[in-house]
Amino acid sequence: MSQINSMESNQTNELIKIENLSKRYQKKQVLSNINLTLEPGHIVGLLGPNGSGKTTLIKILTGIIKEYNGSVTIHGNVIGPATKALVSYLPDNSYFSKWMNPLDVISIFKDFYSDFDENKCLEMLRRLGLNPKQKITQMSKGMIERFQLCLVMFRNAKLYILDEPLGGIDPASRDFILDTILTNYNEDATIFMSTHLISDVERIFDTVIFLKDGEIVLQDDIDNIRSSEGKSIDQLFREVFKC
Amino acid sequence: MPNQFQSNIPIYLQLVHKFKHRIVSGELKAGSKLESVRDLAIRFEVNPNTMQRALTELERDGLVYAERTSGRFITKDTKRIHKMRDTLAEEIIEQFILQMKSLGFSNQEAMELFQNKIEKGMIK
């Protein structure tokens, strides 16, 4: 890992730096005292049951939630326009309007993001057998998820934040999504991905973070976990989060 | 899924084992070029850093070597490959003996069953 990072000429190797981050909604403490540093060149799994604070953490990193306590920086910048240019974000729900077809969305992406690779995206639509002029509302759920992932991964970003990219999908979609992530991953970027379907995807992570009731209870290399615990990440997860 | 992994062993070690097997069986030929880390990671559906670690381990074992600009190759040292083949065989035999023991067979009995099976297989 260090050999990858040493190629970075940047003064800081900290892609994400979170210090003493807390967030509460009225009386409910959603995140408490999160400290986290992530470097470029990793695929990181953010794991936790529903309500553990995963989406809140992601929304803070992507600038959607602006009120919180503590310090959060991406590539040395506080969250704002500068970080939005560095982050490619896949939200956990669809954001397309009813009238849109893939070509409309692609032209919006082209306008918004100078790092978006339109040709790659069109090529992928062809490979998926998607009609670029078919209304998105008429596409299957699996197809929409694949299309959305392509949009996000075909930006040349520093940080990819994927909130539950494996929603309610079939195994073929799952393979497509994992392949797309691995194919487009590059060593200067980090992929930060939340999921609750651990057993299927843990092999593409190198680091996992367990979030429990708004706190990080574990952050480690997956093969360290396997050798020290003698368990897969999925098995360990089931133990830590047993009801 | 084409590539399953056991849950209790680090993935990189399981990759190392898969590669050793492919090398000694001749599926990967001595002196041949390996795919890039990225392509191998995609093929095995694993993290590129995990694949990198597996290849580094194979380099340390002398089964794979890296050339600065042109990538990684399987060793040309067939002696080393044969030695690895013996090591893997030994592991399998050890496993066999241990498991037969745990079923309560003596070495003698295990040997006879083994012999029997081979002879039967050869008649066929």
# chains A, B, ... in the order shown; residues from 1 in each chain; ligands from 1
>>> residues_around(residues="range 2-14 of chain B", least_positions_apart="4", cutoff="10 Å", atoms="only C-alpha atoms", output="VMD selection string")
(chain A and resid 199 203 222 to 235) or (chain B and resid 18 to 20 43 to 47 49 to 58)
>>> residues_around(residues="Ile106 in chain A", least_positions_apart="5", cutoff="10 Å", atoms="only C-alpha atoms", output="ChimeraX atom specification")
/A:101,111-112,116-119,121-122,132,151
>>> write_last_selection(atoms="N, CA and C atoms", output="mmCIF file, in the first residue's frame")
data_model
loop_
_atom_site.group_PDB
_atom_site.id
_atom_site.type_symbol
_atom_site.label_atom_id
_atom_site.label_comp_id
_atom_site.auth_asym_id
_atom_site.auth_seq_id
_atom_site.Cartn_x
_atom_site.Cartn_y
_atom_site.Cartn_z
ATOM 1 N N ASN A 101 -34.171 10.708 -20.330
ATOM 2 C CA ASN A 101 -33.597 9.472 -20.848
ATOM 3 C C ASN A 101 -32.084 9.541 -20.610
ATOM 4 N N ASP A 111 -22.112 18.753 -18.519
ATOM 5 C CA ASP A 111 -22.115 20.165 -18.137
ATOM 6 C C ASP A 111 -21.579 20.383 -16.732
ATOM 7 N N PHE A 112 -21.967 19.491 -15.822
ATOM 8 C CA PHE A 112 -21.645 19.696 -14.418
ATOM 9 C C PHE A 112 -20.209 19.320 -14.083
ATOM 10 N N PHE A 116 -15.994 14.139 -16.365
ATOM 11 C CA PHE A 116 -16.879 13.040 -16.773
ATOM 12 C C PHE A 116 -16.507 12.544 -18.169
ATOM 13 N N ASP A 117 -16.361 11.223 -18.312
ATOM 14 C CA ASP A 117 -15.964 10.632 -19.591
ATOM 15 C C ASP A 117 -17.211 10.153 -20.346
ATOM 16 N N GLU A 118 -17.721 11.046 -21.187
ATOM 17 C CA GLU A 118 -18.967 10.777 -21.904
ATOM 18 C C GLU A 118 -18.853 9.543 -22.805
ATOM 19 N N ASN A 119 -17.724 9.444 -23.510
ATOM 20 C CA ASN A 119 -17.580 8.341 -24.463
ATOM 21 C C ASN A 119 -17.587 6.981 -23.789
ATOM 22 N N CYS A 121 -19.060 6.277 -21.118
ATOM 23 C CA CYS A 121 -20.415 6.027 -20.644
ATOM 24 C C CYS A 121 -21.316 5.560 -21.794
ATOM 25 N N LEU A 122 -21.179 6.197 -22.939
ATOM 26 C CA LEU A 122 -21.985 5.791 -24.104
ATOM 27 C C LEU A 122 -21.622 4.376 -24.550
ATOM 28 N N PRO A 132 -30.348 4.509 -25.511
ATOM 29 C CA PRO A 132 -30.076 5.795 -24.852
ATOM 30 C C PRO A 132 -31.262 6.745 -24.880
ATOM 31 N N LEU A 151 -22.458 6.323 -14.464
ATOM 32 C CA LEU A 151 -22.326 7.776 -14.390
ATOM 33 C C LEU A 151 -21.290 8.172 -13.345
#
>>> interface_residues(of="chain A", to="chain B", cutoff="12 Å", atoms="only C-alpha atoms", output="short mmCIF file (atom, residue, chain, number, x, y, z; two decimals) with C-alpha atoms, in the first residue's frame")
data_model
loop_
_atom_site.label_atom_id
_atom_site.label_comp_id
_atom_site.auth_asym_id
_atom_site.auth_seq_id
_atom_site.Cartn_x
_atom_site.Cartn_y
_atom_site.Cartn_z
CA MET A 1 0.00 0.00 0.00
CA SER A 2 2.78 2.40 0.85
CA GLN A 3 4.40 1.87 -2.53
CA ILE A 4 1.24 3.17 -4.13
CA ASN A 5 1.05 6.18 -1.90
CA PRO A 40 -5.76 7.23 -1.63
CA GLY A 41 -5.58 3.82 -3.26
CA HIS A 42 -8.09 1.86 -1.23
CA ILE A 43 -11.51 0.32 -1.52
CA VAL A 44 -13.10 0.82 1.84
CA GLY A 45 -16.29 -0.81 3.08
CA PRO A 171 -26.55 -11.72 -9.05
CA ALA A 172 -25.82 -10.71 -12.66
CA ARG A 174 -24.00 -7.65 -8.74
CA ASP A 175 -21.20 -9.04 -10.92
CA PHE A 176 -21.54 -6.15 -13.33
CA ILE A 177 -21.31 -3.62 -10.51
CA LEU A 178 -18.29 -5.24 -8.88
CA ASP A 179 -16.54 -5.51 -12.25
CA THR A 180 -17.28 -1.89 -13.06
CA ILE A 181 -15.90 -0.78 -9.72
CA LEU A 182 -12.72 -2.85 -10.07
CA THR A 183 -12.18 -1.89 -13.70
CA ASN A 184 -12.45 1.83 -13.06
CA TYR A 185 -10.65 1.92 -9.76
CA ASN A 186 -7.33 3.71 -9.96
CA GLU A 187 -4.49 3.90 -7.47
CA THR A 190 -10.28 5.79 -3.00
CA ILE A 191 -13.67 4.15 -3.14
CA SER A 199 -20.59 -11.69 2.13
CA ASP A 200 -20.90 -10.99 -1.59
CA VAL A 201 -18.58 -8.02 -1.71
CA GLU A 202 -16.09 -8.21 1.13
CA ARG A 203 -13.41 -9.56 -1.21
CA ILE A 204 -13.21 -6.29 -3.12
CA PHE A 205 -12.46 -4.28 0.02
CA ASP A 206 -9.02 -3.89 1.52
CA THR A 207 -10.25 -2.01 4.57
CA ASP A 221 -7.39 -4.47 6.89
CA ILE A 222 -9.62 -7.38 5.81
CA ASP A 223 -6.83 -9.94 5.74
CA ASN A 224 -5.71 -8.84 9.21
CA ILE A 225 -9.23 -9.53 10.40
CA ARG A 226 -9.29 -12.92 8.74
CA SER A 227 -5.99 -13.98 10.25
CA SER A 228 -6.53 -12.55 13.72
CA GLU A 229 -10.18 -13.56 14.07
CA GLY A 230 -10.21 -16.64 11.84
CA LYS A 231 -13.45 -15.37 10.39
CA SER A 232 -14.74 -13.65 7.31
CA ILE A 233 -15.88 -10.05 7.60
CA ASP A 234 -19.45 -11.23 7.21
CA GLN A 235 -19.13 -13.66 10.12
CA LEU A 236 -17.50 -11.06 12.34
#
>>> atom_distance(atom1="CA of Ser173 in chain A", atom2="CA of Ser88 in chain A")
20.6 Å
>>> select_by_dssp(residues="range 36-83 of chain B", states="strand (DSSP E or B)", output="number ranges by chain")
B: 64-67, 71-74
>>> closest_residue(among="A:Leu86, A:Lys242, A:Met143, A:Gly53", to="Asp188 in chain A", atoms="only C-alpha atoms")
A:Leu86
>>> residues_around(residues="Phe96 in chain B", least_positions_apart="2", cutoff="12 Å", atoms="only C-alpha atoms", output="PyMOL selection string")
chain B and resi 89-94+98-103+105+107+110-111+113-114
>>> select_by_dssp(residues="chain B", states="alpha helix (DSSP H)", output="tab-separated table (two decimals) with N, CA and C atoms, in the first residue's frame")
chain	number	residue	atom	x	y	z
B	11	ILE	N	-7.45	-13.69	2.31
B	11	ILE	CA	-7.69	-13.88	0.88
B	11	ILE	C	-6.37	-13.94	0.11
B	12	TYR	N	-5.40	-13.11	0.53
B	12	TYR	CA	-4.15	-13.10	-0.25
B	12	TYR	C	-3.45	-14.45	-0.19
B	13	LEU	N	-3.55	-15.12	0.96
B	13	LEU	CA	-2.92	-16.44	1.07
B	13	LEU	C	-3.64	-17.47	0.19
B	14	GLN	N	-4.96	-17.31	0.08
B	14	GLN	CA	-5.71	-18.23	-0.77
B	14	GLN	C	-5.37	-17.99	-2.24
B	15	LEU	N	-5.11	-16.72	-2.57
B	15	LEU	CA	-4.68	-16.42	-3.94
B	15	LEU	C	-3.31	-17.02	-4.21
B	16	VAL	N	-2.40	-16.88	-3.23
B	16	VAL	CA	-1.05	-17.45	-3.37
B	16	VAL	C	-1.18	-18.94	-3.66
B	17	HIS	N	-2.04	-19.59	-2.91
B	17	HIS	CA	-2.22	-21.04	-3.08
B	17	HIS	C	-2.75	-21.37	-4.48
B	18	LYS	N	-3.74	-20.61	-4.92
B	18	LYS	CA	-4.29	-20.84	-6.26
B	18	LYS	C	-3.21	-20.71	-7.33
B	19	PHE	N	-2.37	-19.68	-7.18
B	19	PHE	CA	-1.31	-19.46	-8.17
B	19	PHE	C	-0.28	-20.58	-8.13
B	20	LYS	N	0.10	-20.99	-6.94
B	20	LYS	CA	1.07	-22.09	-6.83
B	20	LYS	C	0.53	-23.30	-7.56
B	21	HIS	N	-0.74	-23.56	-7.34
B	21	HIS	CA	-1.35	-24.72	-7.96
B	21	HIS	C	-1.32	-24.60	-9.48
B	22	ARG	N	-1.63	-23.43	-9.97
B	22	ARG	CA	-1.66	-23.23	-11.42
B	22	ARG	C	-0.25	-23.30	-12.02
B	23	ILE	N	0.74	-22.90	-11.24
B	23	ILE	CA	2.12	-22.94	-11.74
B	23	ILE	C	2.64	-24.38	-11.78
B	24	VAL	N	2.47	-25.12	-10.67
B	24	VAL	CA	3.05	-26.47	-10.66
B	24	VAL	C	2.28	-27.42	-11.60
B	37	VAL	N	-1.76	-6.54	-12.48
B	37	VAL	CA	-2.44	-6.64	-11.19
B	37	VAL	C	-3.93	-6.32	-11.35
B	38	ARG	N	-4.20	-5.26	-12.09
B	38	ARG	CA	-5.58	-4.84	-12.26
B	38	ARG	C	-6.41	-5.94	-12.94
B	39	ASP	N	-5.87	-6.50	-14.03
B	39	ASP	CA	-6.63	-7.53	-14.74
B	39	ASP	C	-6.82	-8.77	-13.88
B	40	LEU	N	-5.79	-9.12	-13.13
B	40	LEU	CA	-5.92	-10.28	-12.25
B	40	LEU	C	-6.94	-10.01	-11.16
B	41	ALA	N	-6.94	-8.78	-10.63
B	41	ALA	CA	-7.90	-8.42	-9.59
B	41	ALA	C	-9.32	-8.54	-10.13
B	42	ILE	N	-9.51	-8.11	-11.36
B	42	ILE	CA	-10.84	-8.19	-11.95
B	42	ILE	C	-11.22	-9.65	-12.18
B	43	ARG	N	-10.26	-10.42	-12.69
B	43	ARG	CA	-10.55	-11.82	-12.97
B	43	ARG	C	-10.95	-12.59	-11.70
B	44	PHE	N	-10.23	-12.33	-10.62
B	44	PHE	CA	-10.54	-13.04	-9.37
B	44	PHE	C	-11.53	-12.26	-8.49
B	48	PRO	N	-7.45	-4.89	-5.66
B	48	PRO	CA	-6.12	-4.85	-6.29
B	48	PRO	C	-4.97	-4.88	-5.28
B	49	ASN	N	-5.17	-4.27	-4.12
B	49	ASN	CA	-4.11	-4.31	-3.10
B	49	ASN	C	-3.90	-5.73	-2.57
B	50	THR	N	-5.00	-6.48	-2.48
B	50	THR	CA	-4.91	-7.88	-2.04
B	50	THR	C	-4.16	-8.70	-3.07
B	51	MET	N	-4.46	-8.46	-4.35
B	51	MET	CA	-3.77	-9.18	-5.42
B	51	MET	C	-2.29	-8.83	-5.43
B	52	GLN	N	-2.00	-7.55	-5.25
B	52	GLN	CA	-0.62	-7.08	-5.18
B	52	GLN	C	0.15	-7.83	-4.09
B	53	ARG	N	-0.50	-7.97	-2.97
B	53	ARG	CA	0.12	-8.63	-1.83
B	53	ARG	C	0.41	-10.10	-2.13
B	54	ALA	N	-0.53	-10.74	-2.83
B	54	ALA	CA	-0.35	-12.15	-3.19
B	54	ALA	C	0.85	-12.29	-4.14
B	55	LEU	N	0.95	-11.38	-5.11
B	55	LEU	CA	2.04	-11.47	-6.07
B	55	LEU	C	3.39	-11.21	-5.41
B	56	THR	N	3.40	-10.26	-4.46
B	56	THR	CA	4.63	-9.99	-3.71
B	56	THR	C	5.08	-11.24	-2.96
B	57	GLU	N	4.11	-11.93	-2.39
B	57	GLU	CA	4.41	-13.18	-1.67
B	57	GLU	C	4.99	-14.23	-2.62
B	58	LEU	N	4.43	-14.33	-3.82
B	58	LEU	CA	4.94	-15.29	-4.81
B	58	LEU	C	6.35	-14.91	-5.26
B	59	GLU	N	6.60	-13.61	-5.32
B	59	GLU	CA	7.95	-13.15	-5.65
B	59	GLU	C	8.93	-13.58	-4.57
B	60	ARG	N	8.49	-13.43	-3.34
B	60	ARG	CA	9.35	-13.80	-2.22
B	60	ARG	C	9.66	-15.29	-2.25
B	78	THR	N	12.85	-24.28	-13.39
B	78	THR	CA	11.94	-25.44	-13.28
B	78	THR	C	12.23	-26.26	-12.04
B	79	LYS	N	13.48	-26.19	-11.58
B	79	LYS	CA	13.82	-26.91	-10.33
B	79	LYS	C	12.97	-26.40	-9.19
B	80	ARG	N	12.87	-25.07	-9.15
B	80	ARG	CA	12.10	-24.45	-8.07
B	80	ARG	C	10.62	-24.85	-8.16
B	81	ILE	N	10.13	-24.91	-9.39
B	81	ILE	CA	8.73	-25.29	-9.58
B	81	ILE	C	8.51	-26.73	-9.13
B	82	HIS	N	9.46	-27.61	-9.46
B	82	HIS	CA	9.35	-29.00	-9.02
B	82	HIS	C	9.37	-29.11	-7.50
B	83	LYS	N	10.21	-28.28	-6.91
B	83	LYS	CA	10.30	-28.30	-5.45
B	83	LYS	C	8.97	-27.88	-4.84
B	84	MET	N	8.38	-26.85	-5.43
B	84	MET	CA	7.08	-26.40	-4.93
B	84	MET	C	6.03	-27.49	-5.10
B	85	ARG	N	6.14	-28.21	-6.21
B	85	ARG	CA	5.20	-29.30	-6.48
B	85	ARG	C	5.30	-30.34	-5.36
B	86	ASP	N	6.55	-30.67	-4.98
B	86	ASP	CA	6.73	-31.63	-3.90
B	86	ASP	C	6.15	-31.10	-2.59
B	87	THR	N	6.37	-29.82	-2.35
B	87	THR	CA	5.85	-29.23	-1.10
B	87	THR	C	4.33	-29.32	-1.05
B	88	LEU	N	3.68	-28.99	-2.17
B	88	LEU	CA	2.21	-29.05	-2.20
B	88	LEU	C	1.74	-30.48	-2.00
B	89	ALA	N	2.44	-31.44	-2.64
B	89	ALA	CA	2.06	-32.85	-2.50
B	89	ALA	C	2.17	-33.28	-1.04
B	90	GLU	N	3.24	-32.84	-0.41
B	90	GLU	CA	3.45	-33.19	0.98
B	90	GLU	C	2.31	-32.68	1.86
B	91	GLU	N	1.88	-31.46	1.57
B	91	GLU	CA	0.76	-30.89	2.34
B	91	GLU	C	-0.49	-31.73	2.20
B	92	ILE	N	-0.76	-32.18	0.97
B	92	ILE	CA	-1.97	-32.97	0.72
B	92	ILE	C	-1.87	-34.30	1.47
B	93	ILE	N	-0.68	-34.91	1.42
B	93	ILE	CA	-0.51	-36.21	2.09
B	93	ILE	C	-0.66	-36.04	3.60
B	94	GLU	N	-0.08	-34.98	4.14
B	94	GLU	CA	-0.21	-34.72	5.57
B	94	GLU	C	-1.68	-34.60	5.96
B	95	GLN	N	-2.40	-33.85	5.15
B	95	GLN	CA	-3.84	-33.69	5.39
B	95	GLN	C	-4.55	-35.04	5.41
B	96	PHE	N	-4.21	-35.87	4.42
B	96	PHE	CA	-4.81	-37.19	4.29
B	96	PHE	C	-4.55	-38.01	5.56
B	97	ILE	N	-3.29	-38.03	5.97
B	97	ILE	CA	-2.94	-38.83	7.13
B	97	ILE	C	-3.67	-38.33	8.38
B	98	LEU	N	-3.66	-37.01	8.56
B	98	LEU	CA	-4.33	-36.43	9.73
B	98	LEU	C	-5.81	-36.76	9.76
B	99	GLN	N	-6.43	-36.65	8.60
B	99	GLN	CA	-7.88	-36.89	8.56
B	99	GLN	C	-8.20	-38.36	8.78
B	100	MET	N	-7.39	-39.25	8.21
B	100	MET	CA	-7.62	-40.67	8.43
B	100	MET	C	-7.44	-41.01	9.91
B	101	LYS	N	-6.42	-40.39	10.51
B	101	LYS	CA	-6.17	-40.60	11.94
B	101	LYS	C	-7.38	-40.17	12.75
B	102	SER	N	-7.94	-39.02	12.38
B	102	SER	CA	-9.07	-38.49	13.15
B	102	SER	C	-10.30	-39.38	12.98
B	107	ASN	N	-2.11	-46.13	10.52
B	107	ASN	CA	-1.36	-45.84	9.30
B	107	ASN	C	-1.46	-47.01	8.32
B	108	GLN	N	-1.34	-48.20	8.88
B	108	GLN	CA	-1.40	-49.43	8.08
B	108	GLN	C	-2.73	-49.51	7.32
B	109	GLU	N	-3.84	-49.31	8.05
B	109	GLU	CA	-5.18	-49.39	7.44
B	109	GLU	C	-5.36	-48.31	6.37
B	110	ALA	N	-4.89	-47.13	6.71
B	110	ALA	CA	-5.01	-46.01	5.77
B	110	ALA	C	-4.28	-46.34	4.48
B	111	MET	N	-3.09	-46.87	4.66
B	111	MET	CA	-2.25	-47.25	3.54
B	111	MET	C	-2.97	-48.27	2.65
B	112	GLU	N	-3.58	-49.27	3.28
B	112	GLU	CA	-4.26	-50.33	2.52
B	112	GLU	C	-5.43	-49.76	1.73
B	113	LEU	N	-6.22	-48.90	2.38
B	113	LEU	CA	-7.36	-48.29	1.70
B	113	LEU	C	-6.90	-47.48	0.50
B	114	PHE	N	-5.82	-46.75	0.72
B	114	PHE	CA	-5.26	-45.90	-0.33
B	114	PHE	C	-4.82	-46.76	-1.52
B	115	GLN	N	-4.08	-47.81	-1.20
B	115	GLN	CA	-3.58	-48.74	-2.20
B	115	GLN	C	-4.75	-49.34	-3.01
B	116	ASN	N	-5.73	-49.79	-2.25
B	116	ASN	CA	-6.93	-50.39	-2.83
B	116	ASN	C	-7.59	-49.49	-3.86
B	117	LYS	N	-7.75	-48.26	-3.42
B	117	LYS	CA	-8.45	-47.27	-4.25
B	117	LYS	C	-7.68	-47.06	-5.55
B	118	ILE	N	-6.38	-46.94	-5.44
B	118	ILE	CA	-5.55	-46.70	-6.61
B	118	ILE	C	-5.63	-47.88	-7.57
B	119	GLU	N	-5.56	-49.10	-7.02
B	119	GLU	CA	-5.60	-50.29	-7.88
B	119	GLU	C	-6.93	-50.39	-8.59
B	120	LYS	N	-7.99	-50.15	-7.85
B	120	LYS	CA	-9.33	-50.16	-8.46
B	120	LYS	C	-9.40	-49.17	-9.61
B	121	GLY	N	-8.90	-47.97	-9.31
B	121	GLY	CA	-8.92	-46.91	-10.31
B	121	GLY	C	-8.14	-47.32	-11.55
B	122	MET	N	-7.04	-48.08	-11.35
B	122	MET	CA	-6.19	-48.43	-12.47
B	122	MET	C	-6.80	-49.54	-13.31
B	123	ILE	N	-7.55	-50.46	-12.68
B	123	ILE	CA	-8.21	-51.51	-13.45
B	123	ILE	C	-9.19	-50.88	-14.42
>>> closest_residue(among="A:Phe237, A:Tyr95, A:Tyr89, A:Tyr25", to="Ile58 in chain A", atoms="only C-alpha atoms")
A:Tyr89
>>> atom_distance(atom1="CA of Leu159 in chain A", atom2="CA of Arg127 in chain A")
25.7 Å
